[in-house]
file upload_32.txt (compact mmCIF, C-alpha atoms and all ligand atoms)
# COMPACT_ATOMS: atom_id res chain seq x y z
CA MET C 1237 -2.77 21.97 -18.89
CA SER C 1238 -2.50 19.39 -21.70
CA GLU C 1239 -1.78 15.78 -20.83
CA ALA C 1240 1.53 15.84 -22.72
CA LYS C 1241 2.66 18.89 -20.76
CA THR C 1242 1.64 17.27 -17.47
CA ASN C 1243 3.66 14.17 -18.35
CA ILE C 1244 6.75 16.18 -19.14
CA ILE C 1245 6.50 18.03 -15.84
CA LEU C 1246 5.92 14.82 -13.90
CA ASN C 1247 8.96 13.24 -15.52
CA GLU C 1248 10.96 16.24 -14.41
CA TYR C 1249 9.61 16.02 -10.89
CA TYR C 1250 10.39 12.35 -10.63
CA LYS C 1251 13.83 12.68 -12.10
CA ASP C 1252 15.46 12.12 -8.71
CA ASN C 1253 14.60 8.45 -9.23
CA LYS C 1254 17.24 8.48 -11.93
CA ILE C 1255 19.83 9.78 -9.54
CA LEU C 1256 22.08 6.96 -8.43
CA PHE C 1257 24.28 8.09 -5.59
CA ASN C 1258 27.82 6.79 -5.73
CA LYS C 1259 29.49 8.08 -2.59
CA GLY C 1260 28.99 9.90 0.69
CA GLU C 1261 31.14 11.96 3.03
CA GLY C 1262 29.98 13.63 6.23
CA ASP C 1263 26.64 15.33 5.62
CA LYS C 1264 26.75 15.00 1.82
CA ILE C 1265 26.04 12.39 -0.80
CA PHE C 1266 27.25 12.50 -4.39
CA PHE C 1267 26.00 11.79 -7.90
CA LYS C 1268 28.36 12.43 -10.81
CA ASN C 1269 30.49 14.60 -8.53
CA LYS C 1270 27.54 16.82 -7.64
CA ALA C 1271 27.11 17.06 -3.85
CA TYR C 1272 23.73 16.94 -2.12
CA ILE C 1273 23.09 17.70 1.56
CA ASP C 1274 21.57 14.49 2.85
CA LEU C 1275 18.43 14.79 4.99
CA SER C 1276 17.96 11.01 5.19
CA ASN C 1277 21.26 9.54 6.35
CA CYS C 1278 20.25 6.12 5.08
CA ALA C 1279 16.78 6.29 6.61
CA GLY C 1280 18.23 7.16 10.01
CA SER C 1281 20.99 4.53 10.09
CA LEU C 1282 23.97 6.90 9.95
CA ILE C 1283 23.88 8.89 13.18
CA LEU C 1284 27.53 9.91 12.63
CA GLY C 1285 27.06 10.76 8.96
CA HIS C 1286 28.58 9.19 5.86
CA ASN C 1287 31.94 7.44 6.08
CA SER C 1288 32.45 8.59 9.65
CA HIS C 1289 35.85 8.22 11.31
CA VAL C 1290 34.37 5.43 13.50
CA PHE C 1291 33.14 3.51 10.45
CA LYS C 1292 36.45 3.87 8.59
CA LYS C 1293 38.54 3.02 11.65
CA SER C 1294 36.52 -0.09 12.45
CA LEU C 1295 36.70 -1.34 8.85
CA LYS C 1296 40.49 -0.84 8.91
CA LEU C 1297 40.72 -2.71 12.21
CA TYR C 1298 38.55 -5.52 10.82
CA LEU C 1299 40.92 -5.91 7.88
CA ASN C 1300 44.11 -5.58 9.93
CA LYS C 1301 42.91 -8.25 12.34
CA LYS C 1302 42.04 -10.53 9.38
CA ILE C 1303 38.70 -11.26 11.00
CA SER C 1304 36.66 -12.80 8.12
CA ILE C 1305 33.19 -14.35 8.46
CA PHE C 1306 32.07 -17.76 9.75
CA ALA C 1307 28.82 -19.69 9.51
CA HIS C 1308 29.30 -20.52 13.17
CA PRO C 1309 29.04 -18.50 16.40
CA ASN C 1310 31.93 -16.04 16.69
CA ILE C 1311 33.53 -13.95 19.42
CA HIS C 1312 32.59 -10.64 17.75
CA ALA C 1313 28.86 -11.33 18.00
CA ILE C 1314 29.35 -12.31 21.66
CA ASN C 1315 31.27 -9.09 22.40
CA PHE C 1316 28.61 -7.11 20.59
CA SER C 1317 25.77 -8.74 22.51
CA LYS C 1318 27.49 -7.83 25.82
CA ASN C 1319 27.49 -4.16 24.86
CA ILE C 1320 23.91 -4.32 23.58
CA LYS C 1321 22.94 -5.66 27.01
CA LYS C 1322 24.62 -2.64 28.62
CA TYR C 1323 22.30 -0.49 26.57
CA PHE C 1324 19.28 -2.73 27.15
CA PRO C 1325 19.57 -4.33 30.60
CA ASN C 1326 16.04 -5.72 30.15
CA PHE C 1327 17.18 -8.07 27.36
CA SER C 1328 17.58 -11.57 28.69
CA LYS C 1329 18.43 -13.01 25.31
CA ILE C 1330 19.57 -11.51 22.02
CA ILE C 1331 18.97 -12.87 18.51
CA PHE C 1332 20.96 -11.43 15.62
CA CYS C 1333 19.29 -10.87 12.25
CA ASN C 1334 20.33 -9.10 9.06
CA SER C 1335 17.61 -6.50 8.76
CA GLY C 1336 14.82 -4.89 10.71
CA ALA C 1337 12.23 -6.80 8.69
CA GLU C 1338 13.87 -10.13 9.54
CA ALA C 1339 13.88 -9.22 13.24
CA VAL C 1340 10.18 -8.32 13.08
CA MET C 1341 9.31 -11.49 11.14
CA LYS C 1342 11.11 -13.70 13.67
CA SER C 1343 9.57 -11.81 16.60
CA LEU C 1344 6.13 -12.69 15.28
CA ARG C 1345 7.23 -16.33 14.97
CA LEU C 1346 8.49 -16.28 18.54
CA SER C 1347 5.28 -14.71 19.78
CA LYS C 1348 3.20 -17.30 17.93
CA SER C 1349 5.15 -20.09 19.64
CA LEU C 1350 4.16 -18.82 23.10
CA ASN C 1351 0.43 -19.57 22.93
CA ARG C 1352 -2.28 -20.77 20.59
CA LYS C 1353 -3.87 -17.38 20.08
CA ASN C 1354 -4.19 -16.33 16.47
CA LEU C 1355 -4.61 -12.60 16.05
CA ILE C 1356 -1.88 -10.05 15.44
CA VAL C 1357 -2.78 -6.49 16.40
CA ASN C 1358 -0.99 -3.77 14.47
CA VAL C 1359 -1.28 -0.07 15.17
CA THR C 1360 -2.18 2.40 12.42
CA GLY C 1361 0.84 4.30 11.12
CA SER C 1362 3.40 1.76 12.34
CA TRP C 1363 5.89 0.63 9.71
CA HIS C 1364 7.63 -2.72 10.22
CA GLY C 1365 9.43 -3.29 6.92
CA SER C 1366 8.94 -5.97 4.29
CA VAL C 1367 7.15 -8.53 6.47
CA ASP C 1368 4.38 -10.52 4.75
CA LYS C 1369 2.13 -10.71 7.79
CA LEU C 1370 2.21 -6.93 8.20
CA LEU C 1371 2.32 -5.63 4.62
CA PHE C 1372 -1.17 -4.18 4.92
CA TYR C 1373 -2.62 -0.76 5.64
CA PRO C 1374 -5.91 0.04 7.32
CA ASN C 1375 -8.84 1.52 5.40
CA LYS C 1376 -11.27 4.05 6.92
CA ASN C 1377 -12.93 1.25 8.91
CA LEU C 1378 -9.56 -0.09 10.04
CA LYS C 1379 -9.87 -3.18 7.83
CA PRO C 1380 -6.50 -4.38 6.42
CA GLN C 1381 -5.85 -3.66 2.73
CA THR C 1382 -2.93 -5.29 0.93
CA LEU C 1383 0.18 -3.20 0.27
CA SER C 1384 1.59 -5.75 -2.15
CA ASP C 1385 0.57 -8.59 -4.43
CA GLY C 1386 1.48 -12.07 -3.29
CA LEU C 1387 0.24 -11.80 0.29
CA SER C 1388 -1.73 -14.46 2.11
CA LEU C 1389 -5.46 -14.01 2.63
CA ASP C 1390 -5.11 -15.98 5.82
CA ASP C 1391 -2.62 -13.39 7.19
CA LYS C 1392 -5.08 -10.65 6.25
CA LYS C 1393 -7.84 -12.36 8.25
CA LYS C 1394 -5.61 -12.63 11.30
CA LEU C 1395 -4.66 -8.96 11.35
CA ILE C 1396 -6.51 -6.37 13.44
CA TYR C 1397 -5.80 -2.63 13.43
CA ILE C 1398 -6.15 -0.25 16.34
CA PRO C 1399 -5.82 3.53 15.92
CA TYR C 1400 -2.52 4.96 17.17
CA ASN C 1401 -2.75 7.27 20.13
CA ASP C 1402 -6.50 6.76 20.61
CA ILE C 1403 -7.04 4.89 23.88
CA GLU C 1404 -10.82 4.86 23.77
CA LYS C 1405 -11.22 3.40 20.28
CA SER C 1406 -8.27 1.01 20.72
CA ASN C 1407 -9.69 -0.23 24.02
CA LYS C 1408 -13.02 -1.05 22.40
CA ILE C 1409 -11.40 -3.07 19.61
CA LEU C 1410 -8.94 -4.83 21.91
CA ASN C 1411 -11.68 -5.86 24.34
CA LYS C 1412 -13.76 -7.29 21.52
CA PHE C 1413 -10.94 -9.65 20.52
CA LYS C 1414 -9.11 -9.99 23.83
CA ASN C 1415 -9.21 -13.79 24.07
CA ASP C 1416 -7.64 -14.27 20.65
CA ILE C 1417 -4.90 -11.67 20.61
CA ASN C 1418 -1.50 -13.27 20.32
CA CYS C 1419 0.43 -10.00 20.22
CA ILE C 1420 0.33 -6.25 19.76
CA ILE C 1421 3.14 -4.92 17.64
CA ILE C 1422 3.83 -1.18 17.60
CA GLU C 1423 6.37 1.33 16.38
CA PRO C 1424 6.09 3.30 19.62
CA ILE C 1425 7.24 6.63 18.19
CA GLN C 1426 6.24 6.70 14.56
CA ALA C 1427 8.66 8.23 12.11
CA CYS C 1428 5.71 8.98 9.82
CA LEU C 1429 4.45 11.43 12.49
CA PRO C 1430 6.82 11.74 15.46
CA LEU C 1431 4.43 12.77 18.25
CA ASP C 1432 5.58 13.41 21.80
CA ASN C 1433 2.27 12.83 23.59
CA VAL C 1434 1.90 9.06 23.36
CA LYS C 1435 3.31 7.93 26.72
CA LYS C 1436 -0.16 7.22 28.16
CA TYR C 1437 -1.14 5.25 25.10
CA LEU C 1438 1.96 3.05 25.31
CA HIS C 1439 1.32 2.36 29.01
CA PHE C 1440 -2.25 1.47 28.16
CA LEU C 1441 -1.04 -1.15 25.65
CA GLU C 1442 1.41 -2.52 28.22
CA ARG C 1443 -1.40 -2.94 30.77
CA PHE C 1444 -3.69 -4.61 28.24
CA CYS C 1445 -1.04 -7.15 27.23
CA LYS C 1446 -0.19 -8.02 30.83
CA LYS C 1447 -3.82 -8.46 31.78
CA ASN C 1448 -4.76 -10.55 28.75
CA ASN C 1449 -1.64 -12.60 28.32
CA SER C 1450 -0.77 -11.13 24.92
CA THR C 1451 2.79 -10.37 23.84
CA LEU C 1452 3.82 -6.73 23.58
CA ILE C 1453 6.30 -6.23 20.74
CA PHE C 1454 8.02 -2.84 20.56
CA ASP C 1455 9.50 -2.23 17.15
CA GLU C 1456 12.35 0.10 18.09
CA ILE C 1457 14.33 -0.38 14.88
CA ILE C 1458 14.66 3.42 14.69
CA THR C 1459 14.25 4.50 18.32
CA GLY C 1460 16.28 1.66 19.87
CA ILE C 1461 19.61 3.44 19.89
CA ARG C 1462 18.55 6.95 18.85
CA ILE C 1463 16.49 7.88 21.90
CA ARG C 1464 18.11 8.66 25.26
CA PRO C 1465 18.46 7.14 27.81
CA GLY C 1466 18.31 4.09 25.51
CA SER C 1467 15.01 3.40 23.69
CA ILE C 1468 11.45 4.54 24.27
CA GLN C 1469 10.95 1.74 26.79
CA ARG C 1470 13.59 3.14 29.09
CA LYS C 1471 12.49 6.70 28.57
CA TYR C 1472 8.88 5.84 29.51
CA ASN C 1473 9.61 2.97 31.91
CA ILE C 1474 7.75 0.34 29.91
CA ASN C 1475 8.61 -3.36 29.71
CA ALA C 1476 8.03 -4.77 26.26
CA ASP C 1477 8.11 -8.56 26.00
CA ILE C 1478 9.98 -8.54 22.72
CA THR C 1479 11.93 -5.64 21.21
CA THR C 1480 13.41 -5.17 17.77
CA ILE C 1481 16.30 -2.79 17.12
CA GLY C 1482 18.39 -2.06 14.02
CA LYS C 1483 19.56 0.81 11.78
CA ILE C 1484 22.09 2.79 13.92
CA LEU C 1485 23.08 -0.43 15.68
CA GLY C 1486 24.85 -1.75 12.55
CA GLY C 1487 27.13 1.31 12.37
CA GLY C 1488 26.41 1.50 8.62
CA LEU C 1489 26.09 -2.22 7.91
CA PRO C 1490 22.92 -4.36 7.71
CA ILE C 1491 21.57 -5.46 11.06
CA GLY C 1492 18.48 -6.37 13.05
CA VAL C 1493 18.32 -7.60 16.63
CA ILE C 1494 15.59 -9.18 18.70
CA GLY C 1495 15.74 -8.57 22.44
CA ILE C 1496 13.78 -11.07 24.53
CA SER C 1497 12.68 -10.15 28.04
CA GLU C 1498 13.32 -12.31 31.10
CA LYS C 1499 9.60 -13.09 31.33
CA ILE C 1500 9.43 -14.49 27.78
CA ASN C 1501 12.74 -16.30 28.14
CA LYS C 1502 11.38 -18.11 31.20
CA ILE C 1503 8.29 -19.23 29.25
CA ILE C 1504 10.50 -20.49 26.41
CA LYS C 1505 12.55 -22.55 28.87
CA LYS C 1506 9.57 -23.79 30.84
CA LYS C 1507 7.58 -24.88 27.79
CA LYS C 1508 10.75 -26.15 26.04
CA ILE C 1509 9.83 -24.07 23.00
CA LYS C 1510 12.09 -24.49 19.97
CA ILE C 1511 12.13 -21.63 17.48
CA PHE C 1512 14.28 -21.53 14.37
CA PHE C 1513 16.27 -18.29 14.29
CA GLY C 1514 19.39 -19.17 12.25
CA GLY C 1515 20.80 -17.87 8.94
CA THR C 1516 24.12 -17.82 7.12
CA PHE C 1517 24.84 -14.19 8.01
CA SER C 1518 23.03 -14.00 11.36
CA GLY C 1519 25.48 -12.45 13.82
CA ASN C 1520 28.13 -12.24 11.10
CA SER C 1521 31.41 -10.89 12.37
CA LEU C 1522 31.56 -7.90 9.99
CA SER C 1523 28.25 -6.32 11.08
CA SER C 1524 28.96 -7.37 14.67
CA PHE C 1525 32.46 -5.88 14.73
CA VAL C 1526 31.55 -2.57 13.07
CA GLY C 1527 28.27 -2.35 15.04
CA ASN C 1528 30.13 -3.00 18.29
CA GLU C 1529 32.80 -0.36 17.60
CA THR C 1530 30.02 2.14 16.81
CA LEU C 1531 28.07 1.24 19.94
CA LYS C 1532 31.19 1.53 22.13
CA PHE C 1533 31.85 4.96 20.66
CA LEU C 1534 28.24 6.06 21.25
CA LEU C 1535 28.29 4.74 24.83
CA LYS C 1536 31.42 6.80 25.52
CA ASN C 1537 30.12 9.94 23.79
CA LYS C 1538 26.56 10.28 24.99
CA VAL C 1539 26.72 14.02 24.38
CA LEU C 1540 26.33 13.22 20.68
CA PHE C 1541 22.67 12.42 21.29
CA SER C 1542 21.91 15.72 23.01
CA ASN C 1543 23.86 17.59 20.32
CA LEU C 1544 21.80 15.92 17.62
CA ASN C 1545 18.58 16.67 19.49
CA LYS C 1546 19.63 20.33 19.77
CA LYS C 1547 20.33 20.48 16.04
CA SER C 1548 16.95 18.93 15.28
CA LEU C 1549 15.23 21.34 17.66
CA TYR C 1550 16.97 24.26 15.90
CA PHE C 1551 15.65 22.96 12.56
CA GLN C 1552 12.12 22.55 13.94
CA LYS C 1553 11.92 25.87 15.82
CA ASN C 1554 13.39 27.96 13.04
CA LEU C 1555 11.03 26.51 10.44
CA ASN C 1556 7.93 26.58 12.61
CA GLN C 1557 8.54 30.26 13.46
CA PHE C 1558 8.73 31.03 9.74
CA ILE C 1559 5.64 28.92 8.98
CA THR C 1560 3.60 30.72 11.65
CA LYS C 1561 4.81 34.16 10.54
CA GLU C 1562 3.99 33.48 6.89
CA GLY C 1563 0.75 31.61 7.61
CA ILE C 1564 1.89 28.58 5.62
CA GLU C 1565 -0.12 25.35 5.71
CA ALA C 1566 2.58 23.24 7.33
CA LYS C 1567 4.13 22.28 10.66
CA VAL C 1568 7.32 20.53 11.70
CA TYR C 1569 6.89 17.60 14.09
CA ARG C 1570 9.79 16.21 16.08
CA PHE C 1571 10.60 13.58 18.63
CA ASP C 1572 14.21 14.03 19.75
CA SER C 1573 16.11 13.70 16.45
CA ILE C 1574 13.26 12.33 14.30
CA LEU C 1575 11.82 15.16 12.20
CA ARG C 1576 8.94 15.49 9.77
CA ILE C 1577 7.38 18.37 7.90
CA VAL C 1578 3.61 17.86 7.71
CA PHE C 1579 1.92 19.87 4.98
CA SER C 1580 -1.02 20.98 7.09
CA SER C 1581 -1.24 23.37 10.01
CA LYS C 1582 -4.13 21.48 11.64
CA THR C 1583 -3.43 19.55 14.85
CA ILE C 1584 -2.89 15.96 13.79
CA LYS C 1585 -3.33 12.86 15.92
CA ASN C 1586 -2.18 10.10 13.58
CA LYS C 1587 -0.93 9.17 10.11
CA THR C 1588 -4.42 8.62 8.70
CA GLN C 1589 -5.33 12.23 9.44
CA ARG C 1590 -2.01 13.40 8.05
CA GLU C 1591 -2.51 11.55 4.78
CA PHE C 1592 -6.07 12.82 4.47
CA LEU C 1593 -5.00 16.44 4.96
CA GLU C 1594 -1.97 16.16 2.67
CA LYS C 1595 -3.76 14.31 -0.13
CA LYS C 1596 -4.75 17.41 -2.11
CA LYS C 1597 -1.18 18.71 -1.94
CA ASN C 1598 0.64 15.57 -3.08
CA PHE C 1599 1.55 17.00 -6.48
CA ASN C 1600 2.91 20.16 -4.89
CA ILE C 1601 4.84 18.14 -2.31
CA ILE C 1602 6.62 16.43 -5.21
CA ARG C 1603 7.42 19.85 -6.69
CA PHE C 1604 8.67 20.95 -3.24
CA ARG C 1605 11.04 17.97 -3.12
CA GLN C 1606 12.14 18.56 -6.70
CA TYR C 1607 12.96 22.19 -5.94
CA LEU C 1608 15.17 21.06 -3.07
CA LEU C 1609 16.87 18.46 -5.23
CA ASP C 1610 17.55 21.12 -7.86
CA HIS C 1611 19.26 23.07 -5.09
CA ASN C 1612 21.46 20.18 -3.98
CA ILE C 1613 19.36 18.99 -1.07
CA TYR C 1614 18.26 15.38 -0.80
CA TYR C 1615 14.85 15.33 0.86
CA PRO C 1616 13.81 11.68 1.37
CA SER C 1617 10.72 10.46 -0.48
CA ASN C 1618 9.25 9.03 2.76
CA GLY C 1619 9.44 12.55 4.26
CA ILE C 1620 11.35 11.47 7.38
CA ILE C 1621 14.23 13.82 8.12
CA PHE C 1622 17.24 12.51 10.00
CA LEU C 1623 20.14 14.89 10.48
CA SER C 1624 23.45 13.43 11.60
CA ASN C 1625 26.20 14.50 13.93
CA SER C 1626 28.15 15.63 10.89
CA THR C 1627 25.36 17.86 9.55
CA SER C 1628 26.80 21.36 10.00
CA TYR C 1629 24.72 24.30 11.22
CA LYS C 1630 25.87 26.17 8.11
CA ASN C 1631 24.31 23.50 5.92
CA ILE C 1632 21.18 23.37 8.09
CA ASP C 1633 20.79 27.12 7.49
CA TYR C 1634 21.25 26.58 3.76
CA VAL C 1635 18.59 23.84 3.81
CA LEU C 1636 16.21 25.95 5.90
CA ASN C 1637 16.51 28.90 3.50
CA HIS C 1638 15.62 26.73 0.53
CA ILE C 1639 12.81 24.93 2.35
CA LYS C 1640 11.33 28.36 3.16
CA ILE C 1641 11.47 29.39 -0.51
CA ALA C 1642 9.97 26.06 -1.59
CA LEU C 1643 7.18 26.31 1.01
CA ASN C 1644 6.28 29.78 -0.25
CA LEU C 1645 6.38 28.63 -3.86
CA PHE C 1646 4.47 25.38 -3.61
CA ILE C 1647 2.69 24.92 -0.29
CA SER C 1648 1.24 28.20 1.02
C1 LIG C 1701 10.17 0.90 12.72
C2 LIG C 1701 10.75 0.06 11.63
N1 LIG C 1701 10.65 -1.27 11.71
C3 LIG C 1701 11.19 -2.07 10.79
C4 LIG C 1701 11.84 -1.56 9.69
C5 LIG C 1701 12.43 -2.47 8.65
O1 LIG C 1701 13.81 -2.44 8.74
P1 LIG C 1701 14.70 -2.87 7.49
O2 LIG C 1701 14.45 -1.86 6.41
O3 LIG C 1701 16.11 -2.88 8.01
O4 LIG C 1701 14.24 -4.23 7.09
C6 LIG C 1701 11.96 -0.18 9.55
C7 LIG C 1701 12.63 0.41 8.39
O5 LIG C 1701 12.51 1.55 8.04
C8 LIG C 1701 11.41 0.66 10.55
O6 LIG C 1701 11.50 1.99 10.47

call {"tool": "encode", "arguments": {"input": "upload_32.txt", "output": "structure tokens"}}
result
Amino acid sequence: MSEAKTNIILNEYYKDNKILFNKGEGDKIFFKNKAYIDLSNCAGSLILGHNSHVFKKSLKLYLNKKISIFAHPNIHAINFSKNIKKYFPNFSKIIFCNSGAEAVMKSLRLSKSLNRKNLIVNVTGSWHGSVDKLLFYPNKNLKPQTLSDGLSLDDKKKLIYIPYNDIEKSNKILNKFKNDINCIIIEPIQACLPLDNVKKYLHFLERFCKKNNSTLIFDEIITGIRIRPGSIQRKYNINADITTIGKILGGGLPIGVIGISEKINKIIKKKKIKIFFGGTFSGNSLSSFVGNETLKFLLKNKVLFSNLNKKSLYFQKNLNQFITKEGIEAKVYRFDSILRIVFSSKTIKNKTQREFLEKKKNFNIIRFRQYLLDHNIYYPSNGIIFLSNSTSYKNIDYVLNHIKIALNLFIS
């Protein structure tokens, strides 16, 4: 194929970048009045779908009550924190932030204030947002490589990677550096490959941190509210020292929260540690009010979580049956309501393996996405599928039919 032809096709395939969505309702998003079934739901933030009745009602209430915002502590953040504590009884203290990345950044600052140890341990495949200290990825030898210009070489030197879900290799690395490890930060269930066999690995990290006086930071920005009975920690009976949550918690508005355990709070008090956490919009009453109304609704309607899990299971089972029958090189992975299609049928242990196996198919994966877009389905570029409570089974069937056609056309 000539270069010119290739360029034209690539432009076509990337044309979704030119799509600028202007509104959303239920399970659909719109561009120039054309509706697309949304498989992202704002990267997993909208568990109730677009412009849900809870979102609209809470905005109306906010306006009717003339609440406004204040660069000073407000009653709405206090009310919100009380409900967050109902969800997370292990949080001794709560810090409000405006995004997941901010919560992660401030968690690292907090952890650094606890002891003089220098190293941050990150786990391959974990994503923590736009945080300078963590904007790296591991190469084949697990050495950090920059993901962006403008990062500090010093941060790079202080970052160690351990392989996700590999106790033996992680143990070796952790033991080598054990005296210098300030913290281990992990996205416990990784949206880039939502595996359901990592409980042992997470307990192993918990034991290591306890034994070696390192901080365990669970980045539950996605899983924090999504997973029943309330985060991965509760599901697996693990006590993280610091937890970050976000996305669903804001009810559709920007949010990030740091939850500090009793153990860490005691150290802060004992050592009289002073950490700067403030910001103009930290704990602002708009995100707090809407987030709190959403959380109250979710607490009252826990069945929503099992309904969403059932829907996601339907999606996974239906597609995997088809994939097996047709012998297609793909497999759908799922943890509760976090879904991902991996374009390989091999058993995969972590993101590095996934990327290696998918590498040859990247061009066809773009064509796969483009086909879906041409058929009014928004398939997120990061490949993480989040259905919402407003995604109808009828639309799931429509999506599944087109995914099957696209798999046959581009992936098999
Ligand atoms: C696990 C995890 N941590 C942190 C972040 C960053 O959150 P935000 O995009 O709100 O800054 C994300 C965002 O996708 C995430 O998935």

call {"tool": "residues_near_ligand", "arguments": {"input": "upload_32.txt", "ligand": "ligand LIG 1701 (chain C)", "cutoff": "7 Å", "atoms": "all atoms listed in the file", "output": "list in words"}}
result
Ala1279, Ser1335, Gly1336, Ala1337, Glu1338, Val1340, Ser1362, Trp1363, His1364, Gly1365, Ser1366, Glu1423, Asp1455, Glu1456, Ile1457, Ile1458, Gly1482, Lys1483, Pro1490, Ile1491 and Gly1492 of chain C

call {"tool": "residues_around", "arguments": {"input": "upload_32.txt", "residues": "C:Val1635", "least_positions_apart": "6", "cutoff": "9 Å", "atoms": "all atoms listed in the file", "output": "list in words"}}
result
Ile1273, Leu1608, His1611 and Ile1613 of chain C

call {"tool": "atom_distance", "arguments": {"input": "upload_32.txt", "atom1": "atom CA of C:Lys1561", "atom2": "atom CA of C:Lys1582"}}
result
15.6 Å

call {"tool": "closest_residue", "arguments": {"input": "upload_32.txt", "among": "C:Asn1537, C:Ser1581, C:Asn1618, C:Ser1349", "to": "C:Asn1556", "atoms": "all atoms listed in the file"}}
result
C:Ser1581

call {"tool": "residues_around", "arguments": {"input": "upload_32.txt", "residues": "C:Asn1520", "least_positions_apart": "5", "cutoff": "10 Å", "atoms": "all atoms listed in the file", "output": "list in words"}}
result
Ser1304, Ile1305, Phe1306, Ala1307, His1308, Pro1309, Asn1310, His1312, Ala1313, Phe1332, Cys1333, Asn1334, Ile1491, Gly1515 and Phe1525 of chain C

call {"tool": "write_last_selection", "arguments": {"input": "upload_32.txt", "atoms": "C-alpha atoms", "output": "PDB file, in the coordinates of the input"}}
result
ATOM      1  CA  SER C1304      36.660 -12.800   8.120  1.00  0.00           C
ATOM      2  CA  ILE C1305      33.190 -14.350   8.460  1.00  0.00           C
ATOM      3  CA  PHE C1306      32.070 -17.760   9.750  1.00  0.00           C
ATOM      4  CA  ALA C1307      28.820 -19.690   9.510  1.00  0.00           C
ATOM      5  CA  HIS C1308      29.300 -20.520  13.170  1.00  0.00           C
ATOM      6  CA  PRO C1309      29.040 -18.500  16.400  1.00  0.00           C
ATOM      7  CA  ASN C1310      31.930 -16.040  16.690  1.00  0.00           C
ATOM      8  CA  HIS C1312      32.590 -10.640  17.750  1.00  0.00           C
ATOM      9  CA  ALA C1313      28.860 -11.330  18.000  1.00  0.00           C
ATOM     10  CA  PHE C1332      20.960 -11.430  15.620  1.00  0.00           C
ATOM     11  CA  CYS C1333      19.290 -10.870  12.250  1.00  0.00           C
ATOM     12  CA  ASN C1334      20.330  -9.100   9.060  1.00  0.00           C
ATOM     13  CA  ILE C1491      21.570  -5.460  11.060  1.00  0.00           C
ATOM     14  CA  GLY C1515      20.800 -17.870   8.940  1.00  0.00           C
ATOM     15  CA  PHE C1525      32.460  -5.880  14.730  1.00  0.00           C
TER      16      PHE C1525
END

call {"tool": "closest_residue", "arguments": {"input": "upload_32.txt", "among": "C:Phe1622, C:Phe1413, C:Tyr1298, C:Tyr1614", "to": "C:Thr1459", "atoms": "all atoms listed in the file"}}
result
C:Phe1622

call {"tool": "closest_residue", "arguments": {"input": "upload_32.txt", "among": "C:Pro1430, C:Gly1487, C:Gly1495, C:Gly1262", "to": "C:Leu1575", "atoms": "all atoms listed in the file"}}
result
C:Pro1430

call {"tool": "closest_residue", "arguments": {"input": "upload_32.txt", "among": "C:Phe1599, C:Ser1548, C:Glu1261, C:Arg1470", "to": "C:Arg1576", "atoms": "all atoms listed in the file"}}
result
C:Ser1548

call {"tool": "residues_around", "arguments": {"input": "upload_32.txt", "residues": "C:Ile1474", "least_positions_apart": "2", "cutoff": "8 Å", "atoms": "all atoms listed in the file", "output": "ChimeraX atom specification"}}
result
/C:1438-1439,1442,1468-1470,1472,1476

call {"tool": "closest_residue", "arguments": {"input": "upload_32.txt", "among": "C:Val1367, C:Ile1283, C:Leu1275, C:Ile1559", "to": "C:Arg1462", "atoms": "all atoms listed in the file"}}
result
C:Ile1283

call {"tool": "closest_residue", "arguments": {"input": "upload_32.txt", "among": "C:Phe1558, C:Tyr1569, C:Phe1444, C:Tyr1323", "to": "C:Ala1427", "atoms": "all atoms listed in the file"}}
result
C:Tyr1569

call {"tool": "atom_distance", "arguments": {"input": "upload_32.txt", "atom1": "atom CA of C:Ser1580", "atom2": "atom CA of C:Ala1566"}}
result
4.3 Å

call {"tool": "atom_distance", "arguments": {"input": "upload_32.txt", "atom1": "atom CA of C:Thr1583", "atom2": "atom CA of C:Val1568"}}
result
11.2 Å

call {"tool": "residues_around", "arguments": {"input": "upload_32.txt", "residues": "C:Ser1288", "least_positions_apart": "2", "cutoff": "12 Å", "atoms": "all atoms listed in the file", "output": "list in words"}}
result
Gly1260, Glu1261, Gly1262, Asp1263, Lys1264, Asn1277, Leu1282, Ile1283, Leu1284, Gly1285, His1286, Val1290, Phe1291, Lys1292, Lys1293, Ser1294, Leu1295, Gly1487, Gly1488, Val1526, Glu1529, Thr1530, Phe1533, Ser1624, Asn1625, Ser1626 and Thr1627 of chain C

call {"tool": "residues_around", "arguments": {"input": "upload_32.txt", "residues": "C:Lys1435", "least_positions_apart": "5", "cutoff": "9 Å", "atoms": "all atoms listed in the file", "output": "PyMOL selection string"}}
result
chain C and resi 1401+1424+1440+1472
